[in-house]
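> Contents of model_14.txt (compact mmCIF, C-alpha atoms) are below:
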```txt
# COMPACT_ATOMS: atom_id res chain seq x y z
CA MET A 1 78.80 -90.30 46.42
CA ARG A 2 77.54 -89.00 49.75
CA VAL A 3 79.14 -85.60 49.03
CA ARG A 4 77.45 -85.48 45.67
CA ARG A 5 74.05 -86.29 47.16
CA ALA A 6 74.53 -83.59 49.78
CA LEU A 7 75.45 -81.08 47.06
CA VAL A 8 72.37 -81.97 45.07
CA ALA A 9 70.25 -81.44 48.19
CA VAL A 10 71.84 -78.02 48.72
CA LEU A 11 71.25 -77.17 45.07
CA VAL A 12 67.56 -78.08 45.29
CA ALA A 13 67.15 -76.10 48.51
CA VAL A 14 68.78 -73.00 47.02
CA ALA A 15 66.66 -73.24 43.87
CA ALA A 16 63.48 -73.64 45.95
CA ALA A 17 64.39 -70.66 48.14
CA ALA A 18 65.17 -68.55 45.08
CA SER A 19 61.88 -69.35 43.36
CA ALA A 20 59.92 -68.76 46.57
CA GLN A 21 61.55 -65.36 46.87
CA VAL A 22 60.73 -64.49 43.28
CA ALA A 23 57.15 -65.69 43.69
CA TYR A 24 56.20 -64.04 46.97
CA LYS A 25 58.45 -61.07 47.61
CA ARG A 26 57.23 -57.84 46.07
CA ALA A 27 60.03 -55.32 46.02
CA TRP A 28 60.42 -52.03 44.23
CA PRO A 29 63.74 -50.25 43.92
CA THR A 30 64.04 -46.94 45.74
CA LEU A 31 64.17 -43.86 43.53
CA ALA A 32 67.82 -43.38 44.47
CA ALA A 33 68.64 -46.92 43.30
CA ASP A 34 66.42 -47.21 40.22
CA GLY A 35 69.13 -46.19 37.80
CA LEU A 36 67.03 -43.33 36.43
CA HIS A 37 66.97 -40.75 39.22
CA ASP A 38 70.02 -38.76 40.18
CA PRO A 39 70.81 -39.82 43.77
CA ALA A 40 72.15 -36.28 44.28
CA SER A 41 68.85 -34.65 43.26
CA PRO A 42 67.13 -32.72 46.05
CA ALA A 43 63.82 -34.10 44.72
CA LEU A 44 64.48 -37.53 46.20
CA ALA A 45 63.71 -36.25 49.67
CA ILE A 46 60.28 -35.10 48.46
CA LEU A 47 59.07 -37.52 45.75
CA GLN A 48 56.95 -40.50 46.79
CA GLU A 49 58.75 -43.85 46.78
CA PRO A 50 57.09 -46.56 44.61
CA SER A 51 57.07 -49.08 47.48
CA GLU A 52 55.06 -46.70 49.67
CA ALA A 53 52.27 -46.41 47.09
CA LEU A 54 52.37 -49.79 45.37
CA SER A 55 52.73 -52.13 48.35
CA ALA A 56 49.18 -51.22 49.45
CA LEU A 57 47.66 -52.29 46.11
CA PRO A 58 46.47 -55.79 45.04
CA PRO A 59 49.43 -57.87 43.86
CA ASP A 60 50.37 -59.11 40.44
CA PHE A 61 53.42 -61.08 39.38
CA ALA A 62 54.13 -59.24 36.14
CA GLY A 63 54.65 -55.64 35.12
CA ASN A 64 55.17 -53.51 38.19
CA LEU A 65 53.68 -56.16 40.48
CA VAL A 66 50.33 -54.38 40.87
CA ASN A 67 47.00 -55.66 39.62
CA TRP A 68 45.78 -52.30 38.39
CA MET A 69 42.31 -53.50 37.35
CA ALA A 70 41.71 -55.01 40.80
CA SER A 71 43.03 -51.79 42.33
CA LEU A 72 40.46 -49.80 40.40
CA ASP A 73 37.52 -52.21 40.77
CA GLY A 74 38.21 -52.75 44.46
CA GLY A 75 38.34 -49.02 45.19
CA TYR A 76 41.98 -49.12 46.32
CA ILE A 77 42.60 -46.20 43.97
CA LYS A 78 40.17 -43.55 42.77
CA PRO A 79 41.80 -41.93 39.76
CA ARG A 80 40.00 -38.98 38.18
CA SER A 81 38.32 -39.52 34.79
CA THR A 82 38.47 -35.86 33.73
CA VAL A 83 40.15 -32.60 34.56
CA LEU A 84 38.11 -30.45 32.16
CA ALA A 85 34.52 -29.50 32.96
CA ASP A 86 32.93 -30.43 29.62
CA THR A 87 34.60 -33.78 28.83
CA ARG A 88 32.14 -36.58 28.11
CA VAL A 89 33.14 -39.90 29.68
CA THR A 90 32.21 -42.92 27.55
CA LEU A 91 32.12 -46.42 29.02
CA ARG A 92 31.32 -49.62 27.18
CA SER A 93 31.09 -53.27 28.24
CA THR A 94 30.96 -55.22 24.95
CA ASP A 95 33.40 -58.15 24.64
CA VAL A 96 34.96 -58.86 21.25
CA LEU A 97 36.27 -62.25 20.15
CA LEU A 98 39.47 -62.46 18.07
CA LYS A 99 39.64 -65.77 16.27
CA ARG A 100 42.79 -65.57 14.13
CA THR A 101 45.04 -66.96 16.86
CA GLY A 102 46.69 -69.92 15.17
CA GLU A 103 46.98 -72.79 17.64
CA LEU A 104 46.47 -70.65 20.73
CA PRO A 105 43.14 -70.19 22.53
CA LEU A 106 40.94 -67.39 21.19
CA VAL A 107 41.38 -63.85 22.46
CA VAL A 108 38.65 -61.96 24.27
CA PHE A 109 38.96 -58.18 24.21
CA PRO A 110 36.90 -56.68 27.05
CA HIS A 111 35.75 -53.08 26.51
CA ARG A 112 34.82 -52.67 30.19
CA GLN A 113 38.37 -52.86 31.52
CA HIS A 114 39.75 -50.76 28.68
CA THR A 115 37.18 -47.94 28.77
CA ALA A 116 37.60 -47.72 32.54
CA TRP A 117 41.05 -46.30 31.83
CA LEU A 118 40.97 -45.10 28.24
CA ASP A 119 38.89 -42.94 25.94
CA CYS A 120 37.43 -44.46 22.75
CA THR A 121 39.64 -42.18 20.66
CA ASN A 122 42.81 -43.65 22.17
CA CYS A 123 42.22 -46.81 20.09
CA HIS A 124 39.54 -45.92 17.51
CA ASP A 125 40.10 -45.64 14.66
CA GLN A 126 43.87 -45.17 14.53
CA LEU A 127 44.78 -48.55 16.06
CA PHE A 128 41.57 -50.54 15.56
CA GLN A 129 38.54 -50.28 13.29
CA GLN A 130 35.23 -50.11 15.15
CA LYS A 131 33.92 -53.16 13.29
CA ALA A 132 34.72 -56.47 15.05
CA GLY A 133 37.10 -58.48 12.90
CA GLY A 134 37.87 -55.44 10.75
CA THR A 135 41.49 -54.99 11.83
CA MET A 136 44.56 -57.06 10.99
CA ILE A 137 46.16 -57.85 14.35
CA ASN A 138 48.98 -60.31 14.89
CA MET A 139 51.68 -61.01 17.44
CA PHE A 140 54.41 -59.71 15.14
CA LEU A 141 52.81 -56.26 15.20
CA ILE A 142 52.15 -56.47 18.94
CA LEU A 143 55.73 -57.50 19.69
CA GLN A 144 56.88 -54.49 17.68
CA GLY A 145 54.86 -52.19 19.93
CA GLU A 146 51.93 -51.74 17.54
CA LYS A 147 48.20 -52.43 18.15
CA CYS A 148 47.77 -53.97 21.66
CA GLY A 149 51.55 -53.61 22.07
CA VAL A 150 51.29 -49.82 22.31
CA CYS A 151 50.35 -50.34 25.97
CA HIS A 152 50.79 -54.05 26.76
CA GLY A 153 54.46 -54.52 27.46
CA ALA A 154 55.04 -50.88 28.38
CA VAL A 155 52.39 -49.69 30.86
CA ALA A 156 49.82 -52.52 30.89
CA PHE A 157 50.42 -56.19 31.72
CA PRO A 158 53.25 -57.53 29.55
CA LEU A 159 53.31 -59.96 26.64
CA THR A 160 54.56 -62.80 28.82
CA GLU A 161 51.01 -63.19 30.20
CA CYS A 162 49.63 -65.06 27.16
CA ALA A 163 46.57 -66.59 28.85
CA ARG A 164 45.13 -63.31 30.07
CA CYS A 165 44.21 -62.47 26.46
CA HIS A 166 44.17 -65.97 24.94
CA SER A 167 41.49 -67.08 27.36
CA VAL A 168 38.78 -68.95 25.43
CA ALA A 169 39.28 -72.51 24.21
CA ARG A 170 38.31 -73.15 20.59
CA GLY A 171 34.90 -74.86 20.42
CA SER A 172 34.15 -74.21 24.08
CA ASP A 173 30.82 -73.09 25.54
CA ALA A 174 32.39 -69.70 26.17
CA GLU A 175 33.03 -69.29 22.44
CA LYS A 176 29.33 -69.97 21.77
CA THR A 177 28.31 -67.00 23.94
CA PHE A 178 29.58 -64.69 21.19
CA ARG A 179 27.42 -63.74 18.20
CA ASN A 180 29.29 -62.46 15.18
CA LEU A 181 32.42 -62.01 17.34
CA VAL A 182 30.56 -59.80 19.83
CA ARG A 183 29.11 -60.44 23.30
CA GLU A 184 27.04 -57.66 24.86
CA MET B 1 84.27 -90.00 36.77
CA THR B 2 86.57 -89.47 39.74
CA GLY B 3 85.21 -88.23 43.05
CA ALA B 4 87.11 -84.97 42.70
CA ALA B 5 85.72 -84.27 39.24
CA ALA B 6 82.16 -84.99 40.40
CA ARG B 7 82.60 -82.63 43.32
CA TRP B 8 83.85 -79.87 41.01
CA ARG B 9 80.91 -80.30 38.68
CA ALA B 10 78.47 -80.16 41.56
CA LEU B 11 80.18 -77.04 42.94
CA VAL B 12 79.95 -75.31 39.58
CA ALA B 13 76.25 -76.22 39.36
CA VAL B 14 75.59 -74.78 42.84
CA ALA B 15 77.47 -71.61 41.95
CA ALA B 16 75.39 -71.23 38.79
CA VAL B 17 72.11 -71.63 40.71
CA VAL B 18 73.22 -69.11 43.34
CA ALA B 19 74.15 -66.63 40.60
CA VAL B 20 70.77 -67.03 38.86
CA ALA B 21 68.95 -66.69 42.20
CA ALA B 22 70.87 -63.48 42.95
CA ILE B 23 69.92 -62.00 39.57
CA ASP B 24 66.26 -63.07 39.98
CA ALA B 25 65.99 -61.59 43.45
CA THR B 26 67.34 -58.20 42.33
CA PRO B 27 64.43 -55.83 41.75
CA ALA B 28 64.10 -54.46 38.22
CA ALA B 29 65.88 -51.15 37.82
CA ALA B 30 63.47 -48.49 36.60
CA GLU B 31 59.79 -48.78 37.52
CA TYR B 32 57.54 -50.22 34.80
CA GLY B 33 56.56 -47.47 32.39
CA ASP B 34 58.90 -44.74 33.60
CA VAL B 35 59.58 -42.27 30.79
CA VAL B 36 62.80 -40.27 30.56
CA ILE B 37 62.46 -36.92 28.76
CA ASN B 38 65.85 -35.63 27.74
CA ARG B 39 65.76 -34.35 24.19
CA ARG B 40 66.54 -30.83 25.40
CA ALA B 41 66.77 -30.91 29.20
CA GLU B 42 70.48 -31.50 29.65
CA ARG B 43 71.42 -29.30 26.72
CA GLY B 44 69.43 -26.62 28.53
CA GLY B 45 71.42 -27.14 31.69
CA VAL B 46 68.96 -29.13 33.82
CA ARG B 47 68.67 -32.80 34.73
CA PRO B 48 66.53 -35.08 32.51
CA VAL B 49 62.85 -35.42 33.47
CA VAL B 50 61.62 -38.73 34.87
CA PHE B 51 57.88 -39.22 34.31
CA PRO B 52 56.50 -42.06 36.48
CA HIS B 53 53.37 -43.67 35.00
CA TRP B 54 52.74 -45.57 38.27
CA PHE B 55 52.42 -42.38 40.30
CA HIS B 56 50.10 -40.65 37.86
CA ARG B 57 47.75 -43.60 37.17
CA ILE B 58 46.91 -43.89 40.86
CA ARG B 59 45.47 -40.36 40.60
CA PHE B 60 44.34 -40.03 36.97
CA ARG B 61 42.99 -42.49 34.41
CA CYS B 62 44.99 -42.82 31.19
CA LYS B 63 42.28 -40.89 29.31
CA VAL B 64 42.97 -37.67 31.20
CA CYS B 65 46.46 -37.19 29.79
CA HIS B 66 46.13 -39.24 26.62
CA SER B 67 42.84 -37.71 25.53
CA GLU B 68 42.09 -34.46 27.37
CA LEU B 69 45.68 -33.21 27.58
CA GLY B 70 46.69 -34.50 24.14
CA PHE B 71 49.68 -36.70 24.98
CA ARG B 72 50.16 -39.23 22.19
CA MET B 73 50.66 -42.81 23.40
CA ARG B 74 54.23 -43.27 22.21
CA ALA B 75 57.35 -42.25 24.07
CA GLY B 76 59.10 -39.64 21.95
CA ALA B 77 55.97 -38.61 20.02
CA ASN B 78 55.24 -35.59 22.20
CA ASP B 79 57.43 -32.56 21.59
CA VAL B 80 56.68 -30.70 24.79
CA LEU B 81 58.52 -27.45 25.44
CA MET B 82 58.93 -25.85 28.84
CA ALA B 83 57.09 -22.84 27.39
CA ASP B 84 54.05 -25.09 26.75
CA VAL B 85 54.09 -26.31 30.35
CA ILE B 86 54.29 -22.74 31.67
CA ASP B 87 51.43 -21.82 29.30
CA GLY B 88 49.26 -24.49 30.92
CA LYS B 89 49.48 -27.07 28.18
CA PHE B 90 50.43 -30.76 28.58
CA CYS B 91 51.99 -31.21 32.07
CA GLY B 92 51.08 -27.59 32.80
CA MET B 93 47.39 -28.46 32.83
CA CYS B 94 47.91 -29.82 36.36
CA HIS B 95 51.46 -28.74 37.21
CA ASN B 96 50.40 -25.15 37.77
CA GLY B 97 50.78 -24.77 41.51
CA GLN B 98 47.14 -25.72 42.07
CA THR B 99 46.46 -29.36 41.18
CA ALA B 100 50.16 -30.21 41.45
CA TRP B 101 53.42 -28.36 41.98
CA GLY B 102 54.16 -25.60 39.48
CA ALA B 103 56.80 -25.14 36.83
CA GLU B 104 59.04 -23.15 39.17
CA GLN B 105 59.83 -26.36 41.10
CA CYS B 106 62.34 -27.41 38.44
CA ASP B 107 64.09 -30.10 40.48
CA LEU B 108 60.99 -32.16 41.24
CA CYS B 109 60.50 -33.16 37.58
CA HIS B 110 64.07 -32.65 36.41
CA SER B 111 65.38 -35.30 38.79
CA GLY B 112 66.97 -37.78 36.37
CA LYS B 113 70.50 -39.08 36.33
CA PRO B 114 72.61 -37.00 33.93
CA GLY B 115 73.34 -38.82 30.71
CA THR B 116 70.16 -40.93 30.71
CA PRO B 117 68.84 -41.18 27.13
CA PRO B 118 65.17 -40.35 26.45
CA GLY B 119 62.65 -43.17 26.16
CA ILE B 120 60.37 -45.49 28.11
CA GLN B 121 62.11 -47.60 30.71
CA GLY B 122 61.44 -50.43 33.06
CA GLY B 123 59.28 -52.60 30.82
CA ASN B 124 60.08 -54.23 27.56
CA GLU B 125 59.56 -50.81 25.95
CA THR B 126 56.76 -49.78 23.65
CA ARG B 127 58.89 -51.07 20.82
CA GLY B 128 58.48 -54.55 22.28
CA PRO B 129 60.84 -57.47 22.66
CA GLY B 130 61.10 -57.82 18.88
CA ARG B 131 63.70 -55.07 19.10
CA TRP B 132 65.41 -56.07 22.36
```
For the file at hand, write its structure as structure tokens.


Amino acid sequence: MRVRRALVAVLVAVAAAASAQVAYKRAWPTLAADGLHDPASPALAILQEPSEALSALPPDFAGNLVNWMASLDGGYIKPRSTVLADTRVTLRSTDVLLKRTGELPLVVFPHRQHTAWLDCTNCHDQLFQQKAGGTMINMFLILQGEKCGVCHGAVAFPLTECARCHSVARGSDAEKTFRNLVRE
Amino acid sequence: MTGAAARWRALVAVAAVVAVAAIDATPAAAEYGDVVINRRAERGGVRPVVFPHWFHRIRFRCKVCHSELGFRMRAGANDVLMADVIDGKFCGMCHNGQTAWGAEQCDLCHSGKPGTPPGIQGGNETRGPGRW
């Protein structure tokens, strides 16, 4: 019995250590060990390693472990908006409420964060109509890599992070701040 | 249950936890959003290209490549030829020896492991977990 109790204690300790490591240790594979680069390529002596660039950026626990929005807003990175002289940069800050969410909290789509990175034409009108509520969106499509799933799950935070989109409780005060699905 | 049997069960449980912890602690292979371009590269006698989204988004917003340069937002949807790059289109808009290294530095882009199939790697793919 004493042996068993000791084993259980060891088991709990190992599990705790493992979860602590997963939760707090940010690690990126080296290019030579990422399974994509040829370790024999002469480029590996020249190309920047992900850990060198990403370890300096605000942390996240999904995707590639970087909070890219915080990196941008906090000035940690200053990516260019244009490379051509005559490109017009369009920014927008309207929030849109998506109410067909079954039993989950409602979804808020924030234009500010999206237009900081993307151009209007990246989404409109191929993926989404410009009228709020005018587009059929569901998780089946998203999980298949359509609609939001074109980016989320591939280059933007992944589909495991439900609450980042499903963020407004049904009937809450936050829901009442929207008029006709839109909040300026 | 006998003492010996209980000990065995506990040992198996510990081994399972250690195995799971080892898998969890191993960093993901490819970086999130890495794209391998290899429809023609290896047939043409060079290594596949590895395009790292993480590196580029530190320096350019998505809209630069996906709007100004005309890259469609789906791995495999852009049929980019080396001739286009040399002509200053797509990658060649910056990879021209001025903004970034030029097309004569073959190895820097063509740095992939031979035999790697084309596609987006390191996330759950643009196709999503529905097709895992």

> Restricting the calculation to all atoms listed in the file: of B:Ala41, B:Ala100, B:Ala13, B:Cys91, which residue gets closest to Glu68 of chain B?

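The answer is B:Cys91, which sits nearest to Glu68 of chain B.
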
> Would you pick out the contacts of Leu69 of chain B at 12 Å or less, using only C-alpha atoms, so that residues sharing its chain but fewer than 6 positions from it are not included, and give the list as a list in words?

Thr82, Val83, Leu84, Thr87 and Asp119 of chain A; Phe60, Arg61, Cys62, Lys63, Asn78, Val80, Asp84, Val85, Gly88, Lys89, Phe90, Cys91, Gly92, Met93 and Cys94 of chain B

> Nearest to Gln126 of chain A among B:Leu81, B:Cys109, B:Ala103, B:Met73, with distances taken over only C-alpha atoms: which residue is it?

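Counting only C-alpha atoms, the residue closest to Gln126 of chain A is B:Met73.
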
> Interatomic distance between atom CA of Gly115 of chain B and atom CA of Glu42 of chain B?

7.9 Å

> For segment 164-175 of chain A, work out the shell of residues within 7 Å, counting all atoms listed in the file and skipping chain neighbours fewer than 5 positions away, then give it as a PyMOL selection string.

chain A and resi 104-108

> My list of candidates is A:Phe109, A:Thr160, A:Lys176, A:Pro39. Which is closest to Cys148 of chain A when distances are computed with all atoms listed in the file?

A:Phe109

> So, with only C-alpha atoms as the atoms that count, which of B:Arg72, B:Arg43, B:Gly33, B:Phe55 lies closest to Asn122 of chain A?

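Of B:Arg72, B:Arg43, B:Gly33, B:Phe55, the one nearest Asn122 of chain A, counting only C-alpha atoms, is B:Arg72.
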
> Excluding Asn138 of chain A and its own-chain neighbours fewer than 6 positions away, which residues fall within 9 Å of it when counting all atoms listed in the file? Please give them as a list in words.

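The neighbour list is Arg100, Thr101 and Lys147 of chain A.
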
> With C-alpha atoms retained, export the selected residues as a tab-separated table (two decimals), keeping the file's coordinate frame.


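Result file again-v2.tsv:
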```tsv
chain	number	residue	atom	x	y	z
A	100	ARG	CA	42.79	-65.57	14.13
A	101	THR	CA	45.04	-66.96	16.86
A	147	LYS	CA	48.20	-52.43	18.15
```

> What separation in Å, quoted to one decimal, exists between atom CA of Lys25 of chain A and atom CA of Gly63 of chain A?

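Spanning atom CA of Lys25 of chain A to atom CA of Gly63 of chain A is a straight-line distance of 14.1 Å.
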
> Between A:Leu31, A:Ile77, A:Ala154, A:Leu159, single out the one closest to Gly122 of chain B, counting only C-alpha atoms.

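Selected residue with least distance to Gly122 of chain B: A:Ala154.
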
> Between A:His111, A:His152, A:Lys99, A:Lys131, which is the closest to chain B once you count only C-alpha atoms?

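Between A:His111, A:His152, A:Lys99, A:Lys131, the residue approaching chain B most closely is A:His152.
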
> With a distance threshold of 7 Å and counting all atoms listed in the file, extract the residues of chain A near chain B and express them as a ChimeraX atom specification.

/A:4,7,11,14-15,18,21-22,27-29,34-38,41-43,63-64,77-83,117-119,122,143-145,149-151,153-155

> For a test of reading the model, state the distance in Å between atom CA of Ile86 of chain B and atom CA of Gly102 of chain B, rounded to one decimal.

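Atom-to-atom, atom CA of Ile86 of chain B to atom CA of Gly102 of chain B, that is 8.3 Å.
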
> Here's a test: counting all atoms listed in the file, identify every protein, DNA and RNA residue with an atom at most 7 Å from (34.0, -53.6, 24.6) in the file's coordinate frame, and state them as JSON, numbers by chain.

{"A": [92, 93, 94, 95, 96, 109, 110, 111, 112]}

> With 6 Å of padding per side, what axis-aligned box (centre and edge lengths, Å, one decimal) covers all the listed atoms of segment 83-101 of chain A? Give it as AutoDock Vina command-line options.


```
--center_x 38.0 --center_y -48.2 --center_z 24.3 --size_x 26.1 --size_y 49.5 --size_z 32.4
```
